[in-house]
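As stored in upload-v7.pdb (PDB, N, CA and C atoms):
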ATOM      1  N   ASP K   1      16.117   5.126  -6.647
ATOM      2  CA  ASP K   1      16.718   6.080  -7.562
ATOM      3  C   ASP K   1      17.620   5.342  -8.538
ATOM      4  N   ASN K   2      17.752   5.890  -9.691
ATOM      5  CA  ASN K   2      18.656   5.454 -10.743
ATOM      6  C   ASN K   2      18.350   4.063 -11.282
ATOM      7  N   MET K   3      17.261   3.975 -11.965
ATOM      8  CA  MET K   3      16.849   2.733 -12.615
ATOM      9  C   MET K   3      17.916   2.249 -13.595
ATOM     10  N   ALA K   4      18.626   3.159 -14.230
ATOM     11  CA  ALA K   4      19.657   2.789 -15.199
ATOM     12  C   ALA K   4      20.813   2.036 -14.550
ATOM     13  N   ALA K   5      20.963   2.146 -13.237
ATOM     14  CA  ALA K   5      22.042   1.463 -12.526
ATOM     15  C   ALA K   5      21.612   0.092 -12.010
ATOM     16  N   GLY K   6      20.434  -0.384 -12.433
ATOM     17  CA  GLY K   6      20.000  -1.713 -12.031
ATOM     18  C   GLY K   6      18.876  -1.749 -11.023
ATOM     19  N   ASN K   7      18.396  -0.590 -10.607
ATOM     20  CA  ASN K   7      17.278  -0.546  -9.661
ATOM     21  C   ASN K   7      15.958  -0.719 -10.404
ATOM     22  N   ILE K   8      14.866  -0.853  -9.652
ATOM     23  CA  ILE K   8      13.560  -1.045 -10.270
ATOM     24  C   ILE K   8      12.713   0.215 -10.150
ATOM     25  N   ALA K   9      11.714   0.295 -11.001
ATOM     26  CA  ALA K   9      10.734   1.379 -10.948
ATOM     27  C   ALA K   9       9.362   0.760 -11.161
ATOM     28  N   ALA K  10       8.349   1.379 -10.575
ATOM     29  CA  ALA K  10       6.980   0.878 -10.707
ATOM     30  C   ALA K  10       6.065   2.016 -11.132
ATOM     31  N   PRO K  11       5.001   1.696 -11.865
ATOM     32  CA  PRO K  11       4.048   2.745 -12.238
ATOM     33  C   PRO K  11       3.296   3.238 -11.014
ATOM     34  N   ILE K  12       2.940   4.509 -11.025
ATOM     35  CA  ILE K  12       2.275   5.115  -9.874
ATOM     36  C   ILE K  12       1.042   5.884 -10.342
ATOM     37  N   ASP K  13       0.001   5.808  -9.569
ATOM     38  CA  ASP K  13      -1.193   6.600  -9.850
ATOM     39  C   ASP K  13      -0.912   8.008  -9.335
ATOM     40  N   PRO K  14      -0.782   8.994 -10.225
ATOM     41  CA  PRO K  14      -0.422  10.338  -9.769
ATOM     42  C   PRO K  14      -1.466  10.987  -8.873
ATOM     43  N   ALA K  15      -2.694  10.536  -8.937
ATOM     44  CA  ALA K  15      -3.744  11.119  -8.096
ATOM     45  C   ALA K  15      -3.681  10.619  -6.662
ATOM     46  N   THR K  16      -3.167   9.389  -6.470
ATOM     47  CA  THR K  16      -3.206   8.787  -5.133
ATOM     48  C   THR K  16      -1.846   8.475  -4.535
ATOM     49  N   GLY K  17      -0.821   8.305  -5.371
ATOM     50  CA  GLY K  17       0.484   7.886  -4.874
ATOM     51  C   GLY K  17       0.559   6.395  -4.610
ATOM     52  N   ILE K  18      -0.390   5.639  -5.147
ATOM     53  CA  ILE K  18      -0.391   4.188  -4.969
ATOM     54  C   ILE K  18       0.268   3.546  -6.185
ATOM     55  N   LEU K  19       1.218   2.637  -5.925
ATOM     56  CA  LEU K  19       1.876   1.932  -7.016
ATOM     57  C   LEU K  19       0.875   0.984  -7.656
ATOM     58  N   CYS K  20       0.803   0.996  -8.975
ATOM     59  CA  CYS K  20      -0.263   0.261  -9.663
ATOM     60  C   CYS K  20       0.265  -0.791 -10.629
ATOM     61  N   GLY K  21       1.405  -1.352 -10.314
ATOM     62  CA  GLY K  21       1.968  -2.417 -11.134
ATOM     63  C   GLY K  21       3.250  -2.923 -10.513
ATOM     64  N   PRO K  22       3.860  -3.929 -11.122
ATOM     65  CA  PRO K  22       5.090  -4.499 -10.572
ATOM     66  C   PRO K  22       6.291  -3.586 -10.789
ATOM     67  N   GLY K  23       7.368  -3.885 -10.100
ATOM     68  CA  GLY K  23       8.627  -3.201 -10.327
ATOM     69  C   GLY K  23       9.287  -3.771 -11.567
ATOM     70  N   VAL K  24       9.839  -2.912 -12.398
ATOM     71  CA  VAL K  24      10.505  -3.359 -13.620
ATOM     72  C   VAL K  24      11.940  -2.834 -13.643
ATOM     73  N   TYR K  25      12.774  -3.558 -14.352
ATOM     74  CA  TYR K  25      14.172  -3.182 -14.539
ATOM     75  C   TYR K  25      14.338  -2.507 -15.899
ATOM     76  N   SER K  26      15.392  -1.728 -16.057
ATOM     77  CA  SER K  26      15.674  -1.160 -17.375
ATOM     78  C   SER K  26      16.127  -2.259 -18.334
ATOM     79  N   ASP K  27      16.659  -3.342 -17.791
ATOM     80  CA  ASP K  27      17.030  -4.516 -18.581
ATOM     81  C   ASP K  27      15.767  -5.344 -18.793
ATOM     82  N   ILE K  28      15.176  -5.253 -19.978
ATOM     83  CA  ILE K  28      13.883  -5.895 -20.216
ATOM     84  C   ILE K  28      13.967  -7.419 -20.253
ATOM     85  N   THR K  29      15.184  -7.986 -20.183
ATOM     86  CA  THR K  29      15.300  -9.443 -20.115
ATOM     87  C   THR K  29      15.068  -9.955 -18.698
ATOM     88  N   LYS K  30      15.072  -9.059 -17.707
ATOM     89  CA  LYS K  30      14.819  -9.461 -16.318
ATOM     90  C   LYS K  30      13.321  -9.490 -16.059
ATOM     91  N   GLN K  31      12.902 -10.421 -15.213
ATOM     92  CA  GLN K  31      11.488 -10.524 -14.860
ATOM     93  C   GLN K  31      11.062  -9.378 -13.956
ATOM     94  N   ASP K  32       9.801  -8.985 -14.094
ATOM     95  CA  ASP K  32       9.231  -7.969 -13.213
ATOM     96  C   ASP K  32       9.236  -8.474 -11.774
ATOM     97  N   GLU K  33       9.288  -7.545 -10.833
ATOM     98  CA  GLU K  33       9.280  -7.885  -9.408
ATOM     99  C   GLU K  33       7.912  -7.557  -8.814
ATOM    100  N   THR K  34       7.276  -8.521  -8.174
ATOM    101  CA  THR K  34       6.006  -8.263  -7.486
ATOM    102  C   THR K  34       6.247  -7.775  -6.066
ATOM    103  N   HIS K  35       7.427  -8.122  -5.514
ATOM    104  CA  HIS K  35       7.797  -7.721  -4.158
ATOM    105  C   HIS K  35       9.175  -7.059  -4.199
ATOM    106  N   HIS K  36       9.392  -6.104  -3.313
ATOM    107  CA  HIS K  36      10.691  -5.423  -3.252
ATOM    108  C   HIS K  36      11.773  -6.466  -2.974
ATOM    109  N   PRO K  37      12.857  -6.481  -3.761
ATOM    110  CA  PRO K  37      13.870  -7.524  -3.612
ATOM    111  C   PRO K  37      14.629  -7.508  -2.284
ATOM    112  N   VAL K  38      14.616  -6.413  -1.559
ATOM    113  CA  VAL K  38      15.321  -6.351  -0.270
ATOM    114  C   VAL K  38      14.350  -6.468   0.902
ATOM    115  N   THR K  39      13.279  -5.679   0.887
ATOM    116  CA  THR K  39      12.356  -5.654   2.032
ATOM    117  C   THR K  39      11.268  -6.716   1.955
ATOM    118  N   GLY K  40      10.980  -7.210   0.750
ATOM    119  CA  GLY K  40       9.916  -8.190   0.588
ATOM    120  C   GLY K  40       8.516  -7.593   0.560
ATOM    121  N   ILE K  41       8.412  -6.273   0.643
ATOM    122  CA  ILE K  41       7.101  -5.610   0.629
ATOM    123  C   ILE K  41       6.493  -5.715  -0.768
ATOM    124  N   ARG K  42       5.197  -6.023  -0.801
ATOM    125  CA  ARG K  42       4.481  -6.098  -2.085
ATOM    126  C   ARG K  42       4.503  -4.715  -2.745
ATOM    127  N   ILE K  43       4.836  -4.675  -4.027
ATOM    128  CA  ILE K  43       4.978  -3.405  -4.740
ATOM    129  C   ILE K  43       3.620  -2.849  -5.150
ATOM    130  N   GLU K  44       2.842  -3.620  -5.905
ATOM    131  CA  GLU K  44       1.539  -3.131  -6.354
ATOM    132  C   GLU K  44       0.628  -2.919  -5.150
ATOM    133  N   GLY K  45       0.031  -1.747  -5.078
ATOM    134  CA  GLY K  45      -0.842  -1.406  -3.958
ATOM    135  C   GLY K  45      -0.144  -0.628  -2.855
ATOM    136  N   PHE K  46       1.191  -0.501  -2.928
ATOM    137  CA  PHE K  46       1.932   0.248  -1.905
ATOM    138  C   PHE K  46       1.611   1.735  -2.026
ATOM    139  N   GLN K  47       1.311   2.352  -0.910
ATOM    140  CA  GLN K  47       1.027   3.792  -0.855
ATOM    141  C   GLN K  47       2.314   4.539  -0.512
ATOM    142  N   VAL K  48       2.753   5.399  -1.408
ATOM    143  CA  VAL K  48       3.942   6.207  -1.132
ATOM    144  C   VAL K  48       3.599   7.165   0.002
ATOM    145  N   PRO K  49       4.359   7.119   1.110
ATOM    146  CA  PRO K  49       4.087   8.036   2.224
ATOM    147  C   PRO K  49       4.270   9.493   1.799
ATOM    148  N   PHE K  50       3.512  10.378   2.400
ATOM    149  CA  PHE K  50       3.653  11.819   2.153
ATOM    150  C   PHE K  50       3.460  12.176   0.672
ATOM    151  N   TRP K  51       2.559  11.490  -0.007
ATOM    152  CA  TRP K  51       2.403  11.714  -1.446
ATOM    153  C   TRP K  51       2.016  13.149  -1.781
ATOM    154  N   ARG K  52       1.009  13.688  -1.108
ATOM    155  CA  ARG K  52       0.576  15.073  -1.396
ATOM    156  C   ARG K  52       1.718  16.057  -1.145
ATOM    157  N   GLU K  53       2.443  15.861  -0.058
ATOM    158  CA  GLU K  53       3.574  16.736   0.262
ATOM    159  C   GLU K  53       4.682  16.615  -0.791
ATOM    160  N   THR K  54       4.858  15.404  -1.316
ATOM    161  CA  THR K  54       5.866  15.181  -2.351
ATOM    162  C   THR K  54       5.510  15.942  -3.624
ATOM    163  N   LEU K  55       4.247  15.883  -4.019
ATOM    164  CA  LEU K  55       3.808  16.635  -5.198
ATOM    165  C   LEU K  55       3.986  18.135  -4.996
ATOM    166  N   GLU K  56       3.634  18.619  -3.824
ATOM    167  CA  GLU K  56       3.781  20.053  -3.536
ATOM    168  C   GLU K  56       5.245  20.477  -3.571
ATOM    169  N   LEU K  57       6.135  19.634  -3.041
ATOM    170  CA  LEU K  57       7.564  19.941  -3.067
ATOM    171  C   LEU K  57       8.061  20.035  -4.511
ATOM    172  N   ALA K  58       7.669  19.099  -5.356
ATOM    173  CA  ALA K  58       8.089  19.132  -6.761
ATOM    174  C   ALA K  58       7.557  20.383  -7.459
ATOM    175  N   LYS K  59       6.325  20.750  -7.170
ATOM    176  CA  LYS K  59       5.745  21.957  -7.778
ATOM    177  C   LYS K  59       6.486  23.215  -7.327
ATOM    178  N   ARG K  60       6.794  23.300  -6.027
ATOM    179  CA  ARG K  60       7.531  24.471  -5.524
ATOM    180  C   ARG K  60       8.914  24.551  -6.158
ATOM    181  N   ALA K  61       9.583  23.398  -6.281
ATOM    182  CA  ALA K  61      10.917  23.376  -6.883
ATOM    183  C   ALA K  61      10.852  23.809  -8.346
ATOM    184  N   ALA K  62       9.830  23.367  -9.058
ATOM    185  CA  ALA K  62       9.694  23.720 -10.476
ATOM    186  C   ALA K  62       9.492  25.214 -10.665
ATOM    187  N   LEU K  63       8.861  25.859  -9.711
ATOM    188  CA  LEU K  63       8.590  27.293  -9.827
ATOM    189  C   LEU K  63       9.804  28.170  -9.526
ATOM    190  N   VAL K  64      10.877  27.573  -9.006
ATOM    191  CA  VAL K  64      12.094  28.339  -8.734
ATOM    192  C   VAL K  64      12.687  28.868 -10.041
ATOM    193  N   ASP K  65      12.647  28.055 -11.086
ATOM    194  CA  ASP K  65      13.151  28.480 -12.391
ATOM    195  C   ASP K  65      12.170  28.012 -13.456
ATOM    196  N   THR K  66      11.252  28.860 -13.817
ATOM    197  CA  THR K  66      10.208  28.489 -14.770
ATOM    198  C   THR K  66      10.728  28.346 -16.201
ATOM    199  N   GLY K  67      11.994  28.663 -16.423
ATOM    200  CA  GLY K  67      12.595  28.475 -17.739
ATOM    201  C   GLY K  67      12.879  27.018 -18.059
ATOM    202  N   ASN K  68      12.952  26.182 -17.032
ATOM    203  CA  ASN K  68      13.162  24.750 -17.252
ATOM    204  C   ASN K  68      11.829  24.098 -17.592
ATOM    205  N   ARG K  69      11.722  23.581 -18.800
ATOM    206  CA  ARG K  69      10.450  22.985 -19.229
ATOM    207  C   ARG K  69      10.284  21.555 -18.748
ATOM    208  N   SER K  70      11.377  20.855 -18.482
ATOM    209  CA  SER K  70      11.280  19.451 -18.094
ATOM    210  C   SER K  70      12.424  19.106 -17.153
ATOM    211  N   VAL K  71      12.082  18.674 -15.957
ATOM    212  CA  VAL K  71      13.078  18.317 -14.950
ATOM    213  C   VAL K  71      12.683  16.979 -14.342
ATOM    214  N   GLY K  72      13.646  16.098 -14.186
ATOM    215  CA  GLY K  72      13.425  14.843 -13.462
ATOM    216  C   GLY K  72      13.840  15.058 -12.018
ATOM    217  N   TRP K  73      12.873  15.132 -11.115
ATOM    218  CA  TRP K  73      13.155  15.415  -9.706
ATOM    219  C   TRP K  73      13.469  14.137  -8.951
ATOM    220  N   ASP K  74      14.566  14.152  -8.198
ATOM    221  CA  ASP K  74      14.881  13.067  -7.267
ATOM    222  C   ASP K  74      14.449  13.537  -5.891
ATOM    223  N   ILE K  75      13.456  12.865  -5.328
ATOM    224  CA  ILE K  75      12.909  13.230  -4.025
ATOM    225  C   ILE K  75      12.933  12.002  -3.133
ATOM    226  N   ALA K  76      13.570  12.120  -1.979
ATOM    227  CA  ALA K  76      13.613  11.026  -1.007
ATOM    228  C   ALA K  76      12.450  11.171  -0.035
ATOM    229  N   ILE K  77      11.891  10.048   0.370
ATOM    230  CA  ILE K  77      10.847  10.045   1.388
ATOM    231  C   ILE K  77      11.512   9.657   2.703
ATOM    232  N   THR K  78      11.531  10.579   3.651
ATOM    233  CA  THR K  78      12.138  10.329   4.957
ATOM    234  C   THR K  78      11.039  10.131   6.001
ATOM    235  N   ARG K  79      11.422   9.840   7.210
ATOM    236  CA  ARG K  79      10.447   9.698   8.305
ATOM    237  C   ARG K  79       9.656  10.979   8.534
ATOM    238  N   ASN K  80      10.276  12.108   8.211
ATOM    239  CA  ASN K  80       9.649  13.409   8.459
ATOM    240  C   ASN K  80       9.004  14.027   7.227
ATOM    241  N   GLY K  81       9.026  13.328   6.111
ATOM    242  CA  GLY K  81       8.433  13.865   4.896
ATOM    243  C   GLY K  81       9.402  13.834   3.733
ATOM    244  N   PRO K  82       9.007  14.413   2.604
ATOM    245  CA  PRO K  82       9.853  14.393   1.413
ATOM    246  C   PRO K  82      11.006  15.390   1.516
ATOM    247  N   GLU K  83      12.138  15.002   0.937
ATOM    248  CA  GLU K  83      13.326  15.863   0.867
ATOM    249  C   GLU K  83      13.805  15.898  -0.579
ATOM    250  N   LEU K  84      13.999  17.090  -1.101
ATOM    251  CA  LEU K  84      14.488  17.243  -2.468
ATOM    252  C   LEU K  84      15.979  16.920  -2.515
ATOM    253  N   ILE K  85      16.347  15.985  -3.379
ATOM    254  CA  ILE K  85      17.750  15.617  -3.551
ATOM    255  C   ILE K  85      18.374  16.447  -4.675
ATOM    256  N   GLU K  86      17.759  16.390  -5.856
ATOM    257  CA  GLU K  86      18.285  17.132  -6.999
ATOM    258  C   GLU K  86      17.257  17.156  -8.118
ATOM    259  N   GLY K  87      17.501  18.036  -9.065
ATOM    260  CA  GLY K  87      16.727  18.072 -10.299
ATOM    261  C   GLY K  87      17.653  17.761 -11.456
ATOM    262  N   ASN K  88      17.218  16.904 -12.358
ATOM    263  CA  ASN K  88      18.039  16.486 -13.491
ATOM    264  C   ASN K  88      17.461  17.027 -14.793
ATOM    265  N   HIS K  89      18.255  17.820 -15.503
ATOM    266  CA  HIS K  89      17.788  18.376 -16.773
ATOM    267  C   HIS K  89      17.810  17.328 -17.883
ATOM    268  N   ASP K  90      18.649  16.315 -17.744
ATOM    269  CA  ASP K  90      18.832  15.318 -18.795
ATOM    270  C   ASP K  90      18.346  13.948 -18.316
ATOM    271  N   TRP K  91      17.133  13.919 -17.790
ATOM    272  CA  TRP K  91      16.587  12.657 -17.284
ATOM    273  C   TRP K  91      16.141  11.786 -18.453
ATOM    274  N   CYS K  92      16.109  10.494 -18.241
ATOM    275  CA  CYS K  92      15.852   9.550 -19.329
ATOM    276  C   CYS K  92      14.358   9.291 -19.504
ATOM    277  N   ARG K  93      13.801   9.842 -20.544
ATOM    278  CA  ARG K  93      12.371   9.676 -20.807
ATOM    279  C   ARG K  93      12.013   8.236 -21.170
ATOM    280  N   LEU K  94      12.954   7.498 -21.747
ATOM    281  CA  LEU K  94      12.702   6.096 -22.069
ATOM    282  C   LEU K  94      12.459   5.296 -20.792
ATOM    283  N   LEU K  95      13.321   5.465 -19.808
ATOM    284  CA  LEU K  95      13.175   4.701 -18.568
ATOM    285  C   LEU K  95      11.880   5.032 -17.854
ATOM    286  N   TRP K  96      11.402   6.251 -17.988
ATOM    287  CA  TRP K  96      10.151   6.657 -17.351
ATOM    288  C   TRP K  96       8.974   5.892 -17.929
ATOM    289  N   GLN K  97       9.078   5.469 -19.204
ATOM    290  CA  GLN K  97       7.987   4.779 -19.876
ATOM    291  C   GLN K  97       7.981   3.271 -19.628
ATOM    292  N   LEU K  98       9.112   2.693 -19.250
ATOM    293  CA  LEU K  98       9.189   1.245 -19.056
ATOM    294  C   LEU K  98       8.202   0.706 -18.019
ATOM    295  N   PRO K  99       8.058   1.318 -16.847
ATOM    296  CA  PRO K  99       7.146   0.737 -15.854
ATOM    297  C   PRO K  99       5.696   0.633 -16.313
ATOM    298  N   VAL K 100       5.240   1.550 -17.149
ATOM    299  CA  VAL K 100       3.842   1.506 -17.601
ATOM    300  C   VAL K 100       3.684   0.705 -18.892
ATOM    301  N   LYS K 101       4.815   0.280 -19.463
ATOM    302  CA  LYS K 101       4.832  -0.600 -20.634
ATOM    303  C   LYS K 101       4.101  -0.027 -21.843
ATOM    304  N   LYS K 102       4.249   1.288 -22.021
ATOM    305  CA  LYS K 102       3.682   1.940 -23.203
ATOM    306  C   LYS K 102       4.381   3.276 -23.400
ATOM    307  N   GLY K 103       4.255   3.813 -24.590
ATOM    308  CA  GLY K 103       4.802   5.132 -24.863
ATOM    309  C   GLY K 103       3.975   6.212 -24.185
ATOM    310  N   LEU K 104       4.635   7.257 -23.737
ATOM    311  CA  LEU K 104       3.951   8.347 -23.039
ATOM    312  C   LEU K 104       4.238   9.697 -23.687
ATOM    313  N   LYS K 105       4.378   9.697 -25.002
ATOM    314  CA  LYS K 105       4.689  10.944 -25.704
ATOM    315  C   LYS K 105       3.648  12.019 -25.410
ATOM    316  N   LYS K 106       2.382  11.645 -25.418
ATOM    317  CA  LYS K 106       1.315  12.617 -25.173
ATOM    318  C   LYS K 106       1.483  13.267 -23.796
ATOM    319  N   GLU K 107       1.762  12.456 -22.775
ATOM    320  CA  GLU K 107       1.919  12.976 -21.420
ATOM    321  C   GLU K 107       3.212  13.771 -21.264
ATOM    322  N   LEU K 108       4.271  13.340 -21.933
ATOM    323  CA  LEU K 108       5.571  13.994 -21.801
ATOM    324  C   LEU K 108       5.623  15.358 -22.464
ATOM    325  N   PHE K 109       4.881  15.541 -23.530
ATOM    326  CA  PHE K 109       4.988  16.769 -24.301
ATOM    327  C   PHE K 109       3.691  17.562 -24.291
ATOM    328  N   VAL K 110       3.103  17.682 -23.133
ATOM    329  CA  VAL K 110       1.862  18.458 -22.971
ATOM    330  C   VAL K 110       2.178  19.925 -23.100
TER
END
Could you express the structure from this file as structure tokens?
Amino acid sequence: DNMAAGNIAAPIDPATGILCGPGVYSDITKQDETHHPVTGIRIEGFQVPFWRETLELAKRAALVDTGNRSVGWDIAITRNGPELIEGNHDWCRLLWQLPVKKGLKKELFV
């Protein structure tokens, strides 16, 4: 969580929950990470546990207030499944685009 505070983010295949690239920092002068800096686990190819359940949780949360057109959901993956932490109305769209290394205007404004 919180890439702006110095953490990394990696691109994810939304259909599978598999990370499909290295971890990147919001500071573009830092090198990409191929392995998690604390655990040493390889980033690309990692399967996010409970991926389908995580998507369903985000969808259910979004339906609570359909007036919100765009929410950045913070969801933790626990041993027992996904847990909703919070929804952010003012999430950073720039940081979301850094891991895939391209603009995502088309995807963001569907």
When the PyMOL selection byres ((chain K and resi 44) around 7) is applied to the file above, which residues end up in the set, as a short mmCIF file (atom, residue, chain, number, x, y, z; two decimals) with N, CA and C atoms, in the coordinates of the input?
data_model
loop_
_atom_site.label_atom_id
_atom_site.label_comp_id
_atom_site.auth_asym_id
_atom_site.auth_seq_id
_atom_site.Cartn_x
_atom_site.Cartn_y
_atom_site.Cartn_z
N ILE K 18 -0.39 5.64 -5.15
CA ILE K 18 -0.39 4.19 -4.97
C ILE K 18 0.27 3.55 -6.18
N LEU K 19 1.22 2.64 -5.92
CA LEU K 19 1.88 1.93 -7.02
C LEU K 19 0.88 0.98 -7.66
N CYS K 20 0.80 1.00 -8.98
CA CYS K 20 -0.26 0.26 -9.66
C CYS K 20 0.26 -0.79 -10.63
N GLY K 21 1.40 -1.35 -10.31
CA GLY K 21 1.97 -2.42 -11.13
C GLY K 21 3.25 -2.92 -10.51
N PRO K 22 3.86 -3.93 -11.12
CA PRO K 22 5.09 -4.50 -10.57
C PRO K 22 6.29 -3.59 -10.79
N GLY K 23 7.37 -3.88 -10.10
CA GLY K 23 8.63 -3.20 -10.33
C GLY K 23 9.29 -3.77 -11.57
N THR K 34 7.28 -8.52 -8.17
CA THR K 34 6.01 -8.26 -7.49
C THR K 34 6.25 -7.78 -6.07
N HIS K 35 7.43 -8.12 -5.51
CA HIS K 35 7.80 -7.72 -4.16
C HIS K 35 9.18 -7.06 -4.20
N ILE K 41 8.41 -6.27 0.64
CA ILE K 41 7.10 -5.61 0.63
C ILE K 41 6.49 -5.72 -0.77
N ARG K 42 5.20 -6.02 -0.80
CA ARG K 42 4.48 -6.10 -2.08
C ARG K 42 4.50 -4.72 -2.74
N ILE K 43 4.84 -4.68 -4.03
CA ILE K 43 4.98 -3.40 -4.74
C ILE K 43 3.62 -2.85 -5.15
N GLY K 45 0.03 -1.75 -5.08
CA GLY K 45 -0.84 -1.41 -3.96
C GLY K 45 -0.14 -0.63 -2.86
N PHE K 46 1.19 -0.50 -2.93
CA PHE K 46 1.93 0.25 -1.90
C PHE K 46 1.61 1.74 -2.03
N GLN K 47 1.31 2.35 -0.91
CA GLN K 47 1.03 3.79 -0.86
C GLN K 47 2.31 4.54 -0.51
#
| task | To verify the selection step, state as an MDAnalysis selection string which residues the PyMOL selection byres ((chain K and resi 85) around 8) yields on this input. | result | chainID K and resid 73:76 82:84 86:88
| Which parts of chain K does DSSP call strand (DSSP E) when run on the backbone here, written out as a count of residues only? | 15
| What gap, in Å, lies between atom N of Arg79 in chain K and atom N of Ile8 in chain K? | 20.3 Å
All alpha helix (DSSP H) positions in range 2-77 of chain K, as a CSV table (one decimal) with N, CA and C atoms, in the coordinates of the input:
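For reference, out.csv as written:
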chain,number,residue,atom,x,y,z
K,51,TRP,N,2.6,11.5,0.0
K,51,TRP,CA,2.4,11.7,-1.4
K,51,TRP,C,2.0,13.1,-1.8
K,52,ARG,N,1.0,13.7,-1.1
K,52,ARG,CA,0.6,15.1,-1.4
K,52,ARG,C,1.7,16.1,-1.1
K,53,GLU,N,2.4,15.9,-0.1
K,53,GLU,CA,3.6,16.7,0.3
K,53,GLU,C,4.7,16.6,-0.8
K,54,THR,N,4.9,15.4,-1.3
K,54,THR,CA,5.9,15.2,-2.4
K,54,THR,C,5.5,15.9,-3.6
K,55,LEU,N,4.2,15.9,-4.0
K,55,LEU,CA,3.8,16.6,-5.2
K,55,LEU,C,4.0,18.1,-5.0
K,56,GLU,N,3.6,18.6,-3.8
K,56,GLU,CA,3.8,20.1,-3.5
K,56,GLU,C,5.2,20.5,-3.6
K,57,LEU,N,6.1,19.6,-3.0
K,57,LEU,CA,7.6,19.9,-3.1
K,57,LEU,C,8.1,20.0,-4.5
K,58,ALA,N,7.7,19.1,-5.4
K,58,ALA,CA,8.1,19.1,-6.8
K,58,ALA,C,7.6,20.4,-7.5
K,59,LYS,N,6.3,20.8,-7.2
K,59,LYS,CA,5.7,22.0,-7.8
K,59,LYS,C,6.5,23.2,-7.3
K,60,ARG,N,6.8,23.3,-6.0
K,60,ARG,CA,7.5,24.5,-5.5
K,60,ARG,C,8.9,24.6,-6.2
K,61,ALA,N,9.6,23.4,-6.3
K,61,ALA,CA,10.9,23.4,-6.9
K,61,ALA,C,10.9,23.8,-8.3
K,62,ALA,N,9.8,23.4,-9.1
K,62,ALA,CA,9.7,23.7,-10.5
K,62,ALA,C,9.5,25.2,-10.7
